[in-house]
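**Student:** Provided herewith is a single structure, encoded as structure tokens, for subsequent inquiry.
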Amino acid sequence: MREGAVRSLRELYVVLLLLGVAYSSYALAYSSYVYLARYYAESHGVDYDKQAFYQIIANVMSIIGMTSILWLNKKFNMFVIASLYTFLLALSPTIALSKDPFVMIPLSIVIMEISFQTGIIARNLMIIEIGGSYLGRILGFLMTINSLMMIIGPVAGYKIKEVAGYNIIFLLSSSLFLISGAMILSVNTYINRNLDREFRKKEASFKNVSVIRHLHTILKNRKLIYFIIFASIDRFSYNLWAQLIFALTASENIRAEVVSITYSIQNLSWFVSQYIFGLLSDKINPVYILFLSEFLTGLSAYLLAEGIYLYSDIYIVFSFILIGLSIASWIPSYNKYIQINIKKDDRTIFMTSVNILASLTGFSAPLISVYLKDLLLKGLGHLYIATILHIINASIFLYTQRRER
């Protein structure tokens with residue numbers, strides 16, 4: 001490939017094998033834990049409103065975590081940073097087992113969200129670094145494995161919880177996170193042994209460059225400013241409903257068994273479409289796929305609201321299917337957009353900065369949702385408002401990107 005840490009197809013296959021294990025163990029752990037963590041918290045007296053408050057704390061701390069990537073990157077590469085946040089995530093399930101609703105369960109929620117929000121940036125950056133001209137295909141491959149495991153995880157996690165209790169499934173999830181972190185470190189070791197000197201030279205030179213100077217150069221491009229605005233509005237709209245989607249289903253007395261099935265269906269939708277969207281991101285302008293992803297996200301919020309209001313399982317199932325499609329289309333197109341429009345040495349700074357600004361815009365959205373919930377229909381107003389915001393954001397983004405082409 002013309003760009004990236006890996007110099008040959010043989011090296012690429014070894015890296016993909018190791019990362020495949022890392023991504024699959026992470027996905028299995030996360031999908032079996034993330035929704036049960038919300039139901040576990042609800043059952044111990046941490047209701048939707050309290051979880052919204054703790055979510056804001058997590059969002060603020062995540063901004064600090066994202067900023068730390070810029071500092072850590074001066075000392076470590078993205079593989080090490082990604083593994084550190086995966087190891088941190090392994091603490092969340094074990095801390096929750098204290099059953100303390102005042103400190104430890106809230107702390108487990110905060111750690112879960114910080115590790116996920118910050119770790120995903122590090123993982124995306126490490127993939128971009130090795131992806132080169134095949135980034136869309138590599139992301140498609142890894143996300144396909146990831147989504148396959150996430151089909152299995154929710155239902156398997158629920159069944160294990162029913163048979164053995166929360167203790168076993170939480171400890172199992174923690175162990176899988178540790179395995180994932182260890183595999184990412186093994187990729188780092190392999191790449192360090194095979195990395196070419198030119199790549200090392202570029203990586204070293206980046207670490208001595210001013211962050212402000214990089215951002216000033218990047219933001220001379222008006223198209224990128226529009227992209228940052230788009231990402232920020234997306235994050236606010238998404239945080240308004242999707243960050244607490246399982247807290248909402250728990251508060252609406254939708255059984256965990258039902259959610260485990262719909263969550264698996266969501267991930268099946270992701271699995272079926274992920275590689276297709278990866279290929280499309282390599283072949284066509286990723287702006288169109290980002291537009292589609294944002295539009296689908298808005299439509300999924302609307303269907304979820306209708307499903308809860310009308311007590312319709314069909315609407316809820318279709319909502320989760322669209323969430324899966326929106327994730328599948330967002331991941332490769334978002335990363336491909338950055339690869340196309342941002343020079344290699346600027347990507348870490350740009351992606352981190354975009355996520356920090358988006359997080360600053362969206363950090364308060366979960367608490368705002370508490371006040372918007374009863375604005376339209378009972379407890380669902382935030383879903384309808386999020387729908388409108390997503391669709392307007394998608395339309396404006398497409399218009400501005402086409403105009404600045």
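We name chains A, B, ... following the order of the structure tokens; residues begin at 1 in each chain, and ligands are numbered from 1 as shown.
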Name the residues of range 191-405 of chain A that come out as alpha helix (DSSP H) in a backbone DSSP run; write them as a PyMOL selection string.

**Tutor:** chain A and resi 191-194+197-206+211-218+222-239+245-251+256-283+286-310+313-341+347-362+365-372+381-403

**Student:** Restrict the calculation to only C-alpha atoms, then for each residue of range 58-133 of chain A with any atom at most 12 Å from an atom of range 229-241 of chain A give the closest atom pair and their distance in Å to one decimal, rows by chain and rising residue number, as a tab-separated table.

**Tutor:**
residue	atom	partner	partner_atom	distance
A:Ala58	CA	A:Asn239	CA	11.9
A:Asn59	CA	A:Asn239	CA	9.5
A:Glu113	CA	A:Asn239	CA	11.8
A:Gln117	CA	A:Arg235	CA	11.4

**Student:** With only C-alpha atoms as the basis for distance, which of A:Ala122, A:Ser329, A:Gln401, A:Ser260 is at the shortest distance from Leu224 in chain A?

**Tutor:**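 Closest to Leu224 in chain A of all the choices is A:Gln401.
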
**Student:** Using only C-alpha atoms, which of the listed residues (A:Val80, A:Ala22, A:Ile130, A:Leu89) sits closest to Leu107 in chain A?

**Tutor:** A:Leu89

**Student:** Choose the residue, out of A:Leu325, A:Met78, A:Ile138, A:Ala247, that has the smallest atom-to-atom separation from Glu42 in chain A; count only C-alpha atoms.

**Tutor:**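 So, comparing all the options, the nearest one is A:Ala247.
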
**Student:** Might you pull out every residue within 10 Å of Trp330 in chain A, with only C-alpha atoms counted and same-chain residues fewer than 3 positions away left off, and present them as a compact mmCIF listing (two decimals) with C-alpha atoms, in the first residue's frame?

**Tutor:**
# COMPACT_ATOMS: atom_id res chain seq x y z
CA GLN A 274 -20.74 -2.98 7.29
CA PHE A 277 -20.44 0.53 3.32
CA GLY A 278 -16.68 0.03 3.70
CA SER A 281 -16.53 4.58 1.19
CA PRO A 286 -17.99 9.59 1.71
CA ILE A 289 -22.71 8.08 3.01
CA LEU A 290 -22.34 10.43 6.00
CA PHE A 291 -25.56 12.15 4.90
CA LEU A 292 -27.35 8.79 4.72
CA SER A 293 -26.01 7.78 8.14
CA GLU A 294 -27.23 10.96 9.80
CA THR A 297 -30.10 8.05 12.83
CA GLY A 324 -27.31 -0.69 12.98
CA LEU A 325 -27.33 0.69 9.42
CA SER A 326 -26.40 4.18 10.64
CA ILE A 327 -23.42 2.81 12.60
CA SER A 333 -17.31 7.10 5.77
CA TYR A 334 -16.26 9.26 8.74
CA ASN A 335 -12.74 7.81 8.74
CA LYS A 336 -12.48 7.91 4.95

**Student:** Name the closest residue to Leu389 in chain A among the candidates A:Val187, A:Lys344, A:Gly298, A:Tyr311; distances are taken between atoms, counting only C-alpha atoms.

**Tutor:**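 Using only C-alpha atoms, the shortest distance to Leu389 in chain A belongs to A:Gly298.
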
**Student:** If I take CA of Val317 in chain A and CA of Tyr158 in chain A, how far is one from the other in Å, to one decimal?

**Tutor:**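 We find that CA of Val317 in chain A and CA of Tyr158 in chain A lie 17.8 Å from each other.
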
**Student:** Do a neighbour search on Thr249 in chain A at 10 Å with only C-alpha atoms, toss out local chain neighbours closer than 5 positions, and write the hits as a ChimeraX atom specification.

**Tutor:** /A:35,38-39,48,244,254-256,258-259,304,308

**Student:** With all heavy atoms retained, could you export that selection as a short mmCIF file (atom, residue, chain, number, x, y, z; two decimals), in the first residue's frame?

**Tutor:**
data_model
loop_
_atom_site.label_atom_id
_atom_site.label_comp_id
_atom_site.auth_asym_id
_atom_site.auth_seq_id
_atom_site.Cartn_x
_atom_site.Cartn_y
_atom_site.Cartn_z
N TYR A 35 -25.72 -2.83 27.97
CA TYR A 35 -27.14 -2.64 28.26
C TYR A 35 -27.50 -3.23 29.62
O TYR A 35 -28.35 -2.68 30.35
CB TYR A 35 -28.01 -3.24 27.14
CG TYR A 35 -28.15 -4.75 27.17
CD1 TYR A 35 -29.25 -5.36 27.74
CD2 TYR A 35 -27.16 -5.56 26.60
CE1 TYR A 35 -29.39 -6.74 27.76
CE2 TYR A 35 -27.28 -6.93 26.61
CZ TYR A 35 -28.39 -7.52 27.20
OH TYR A 35 -28.50 -8.89 27.22
N ARG A 38 -26.95 -0.82 32.47
CA ARG A 38 -28.04 0.15 32.69
C ARG A 38 -29.20 -0.48 33.47
O ARG A 38 -29.78 0.15 34.35
CB ARG A 38 -28.54 0.68 31.34
CG ARG A 38 -27.49 1.40 30.51
CD ARG A 38 -27.01 2.67 31.17
NE ARG A 38 -26.11 3.43 30.31
CZ ARG A 38 -25.65 4.64 30.60
NH1 ARG A 38 -25.97 5.21 31.74
NH2 ARG A 38 -24.83 5.26 29.77
N TYR A 39 -29.54 -1.71 33.12
CA TYR A 39 -30.61 -2.41 33.85
C TYR A 39 -30.17 -2.73 35.28
O TYR A 39 -30.97 -2.65 36.22
CB TYR A 39 -31.00 -3.70 33.11
CG TYR A 39 -31.98 -3.45 31.99
CD1 TYR A 39 -31.56 -2.94 30.76
CD2 TYR A 39 -33.34 -3.71 32.15
CE1 TYR A 39 -32.45 -2.70 29.73
CE2 TYR A 39 -34.24 -3.47 31.12
CZ TYR A 39 -33.80 -2.96 29.92
OH TYR A 39 -34.69 -2.71 28.90
N TYR A 48 -33.39 6.72 35.56
CA TYR A 48 -33.02 7.43 34.33
C TYR A 48 -32.43 8.81 34.64
O TYR A 48 -31.40 9.18 34.08
CB TYR A 48 -34.24 7.57 33.41
CG TYR A 48 -33.93 8.25 32.09
CD1 TYR A 48 -33.65 7.49 30.96
CD2 TYR A 48 -33.91 9.64 31.96
CE1 TYR A 48 -33.36 8.09 29.74
CE2 TYR A 48 -33.62 10.26 30.75
CZ TYR A 48 -33.34 9.47 29.65
OH TYR A 48 -33.03 10.07 28.45
N LEU A 244 -28.49 7.21 26.32
CA LEU A 244 -29.29 6.65 27.42
C LEU A 244 -30.42 5.76 26.92
O LEU A 244 -31.44 5.61 27.57
CB LEU A 244 -29.85 7.78 28.28
CG LEU A 244 -28.83 8.60 29.07
CD1 LEU A 244 -29.48 9.81 29.71
CD2 LEU A 244 -28.15 7.75 30.13
N ILE A 254 -39.42 -2.00 29.56
CA ILE A 254 -39.20 -2.94 28.46
C ILE A 254 -38.19 -3.97 28.96
O ILE A 254 -37.09 -3.63 29.37
CB ILE A 254 -38.68 -2.23 27.21
CG1 ILE A 254 -39.71 -1.21 26.72
CG2 ILE A 254 -38.36 -3.23 26.10
CD1 ILE A 254 -39.24 -0.36 25.57
N ARG A 255 -38.58 -5.23 28.97
CA ARG A 255 -37.77 -6.27 29.60
C ARG A 255 -36.37 -6.38 28.98
O ARG A 255 -36.21 -6.21 27.77
CB ARG A 255 -38.48 -7.62 29.52
CG ARG A 255 -39.73 -7.68 30.39
CD ARG A 255 -40.42 -9.02 30.34
NE ARG A 255 -40.88 -9.34 28.99
CZ ARG A 255 -40.45 -10.39 28.27
NH1 ARG A 255 -39.55 -11.20 28.77
NH2 ARG A 255 -40.93 -10.60 27.07
N ALA A 256 -35.40 -6.72 29.82
CA ALA A 256 -34.02 -6.87 29.36
C ALA A 256 -33.91 -7.96 28.29
O ALA A 256 -33.09 -7.85 27.37
CB ALA A 256 -33.11 -7.21 30.55
N VAL A 258 -36.12 -8.65 25.97
CA VAL A 258 -36.55 -8.05 24.71
C VAL A 258 -35.46 -7.17 24.15
O VAL A 258 -35.15 -7.20 22.94
CB VAL A 258 -37.84 -7.23 24.93
CG1 VAL A 258 -38.21 -6.46 23.65
CG2 VAL A 258 -38.99 -8.15 25.34
N VAL A 259 -34.84 -6.37 25.01
CA VAL A 259 -33.77 -5.47 24.57
C VAL A 259 -32.56 -6.26 24.07
O VAL A 259 -31.92 -5.88 23.08
CB VAL A 259 -33.35 -4.51 25.72
CG1 VAL A 259 -32.09 -3.73 25.35
CG2 VAL A 259 -34.49 -3.55 26.03
N LEU A 304 -38.28 4.69 17.34
CA LEU A 304 -38.22 4.26 18.73
C LEU A 304 -39.31 4.96 19.55
O LEU A 304 -39.98 4.31 20.36
CB LEU A 304 -36.84 4.58 19.32
CG LEU A 304 -36.64 4.19 20.79
CD1 LEU A 304 -36.77 2.68 20.98
CD2 LEU A 304 -35.28 4.68 21.30
N ILE A 308 -42.39 2.94 21.44
CA ILE A 308 -42.68 3.01 22.88
C ILE A 308 -44.08 3.56 23.12
O ILE A 308 -44.84 3.06 23.95
CB ILE A 308 -41.62 3.87 23.60
CG1 ILE A 308 -40.25 3.18 23.53
CG2 ILE A 308 -42.01 4.10 25.05
CD1 ILE A 308 -39.10 4.01 24.08
#

**Student:** Which residues are near Leu268 in chain A? Cut-off 10 Å, only C-alpha atoms, ignore same chain within fewer than 4 positions. Put them as a PyMOL selection string.

**Tutor:** chain A and resi 144+147-152+262-264+272-274+320-321+324-325

**Student:** Write a file of the just-selected residues containing C-alpha atoms, as a short mmCIF file (atom, residue, chain, number, x, y, z; two decimals), in the first residue's frame.

**Tutor:**
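Dumped to out-v5.cif:
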data_model
loop_
_atom_site.label_atom_id
_atom_site.label_comp_id
_atom_site.auth_asym_id
_atom_site.auth_seq_id
_atom_site.Cartn_x
_atom_site.Cartn_y
_atom_site.Cartn_z
CA THR A 144 -17.73 -6.93 10.23
CA SER A 147 -20.58 -6.52 14.52
CA LEU A 148 -20.71 -10.34 14.24
CA MET A 149 -19.61 -10.65 17.86
CA MET A 150 -22.10 -7.96 18.84
CA ILE A 151 -24.89 -10.07 17.37
CA ILE A 152 -23.98 -12.86 19.76
CA THR A 262 -33.46 -6.11 19.56
CA TYR A 263 -29.86 -5.15 20.33
CA SER A 264 -28.71 -8.33 18.59
CA VAL A 272 -24.81 -7.43 7.08
CA SER A 273 -24.12 -3.92 5.80
CA GLN A 274 -20.74 -2.98 7.29
CA PHE A 320 -32.77 -0.80 16.10
CA ILE A 321 -32.26 -2.05 12.53
CA GLY A 324 -27.31 -0.69 12.98
CA LEU A 325 -27.33 0.69 9.42
#
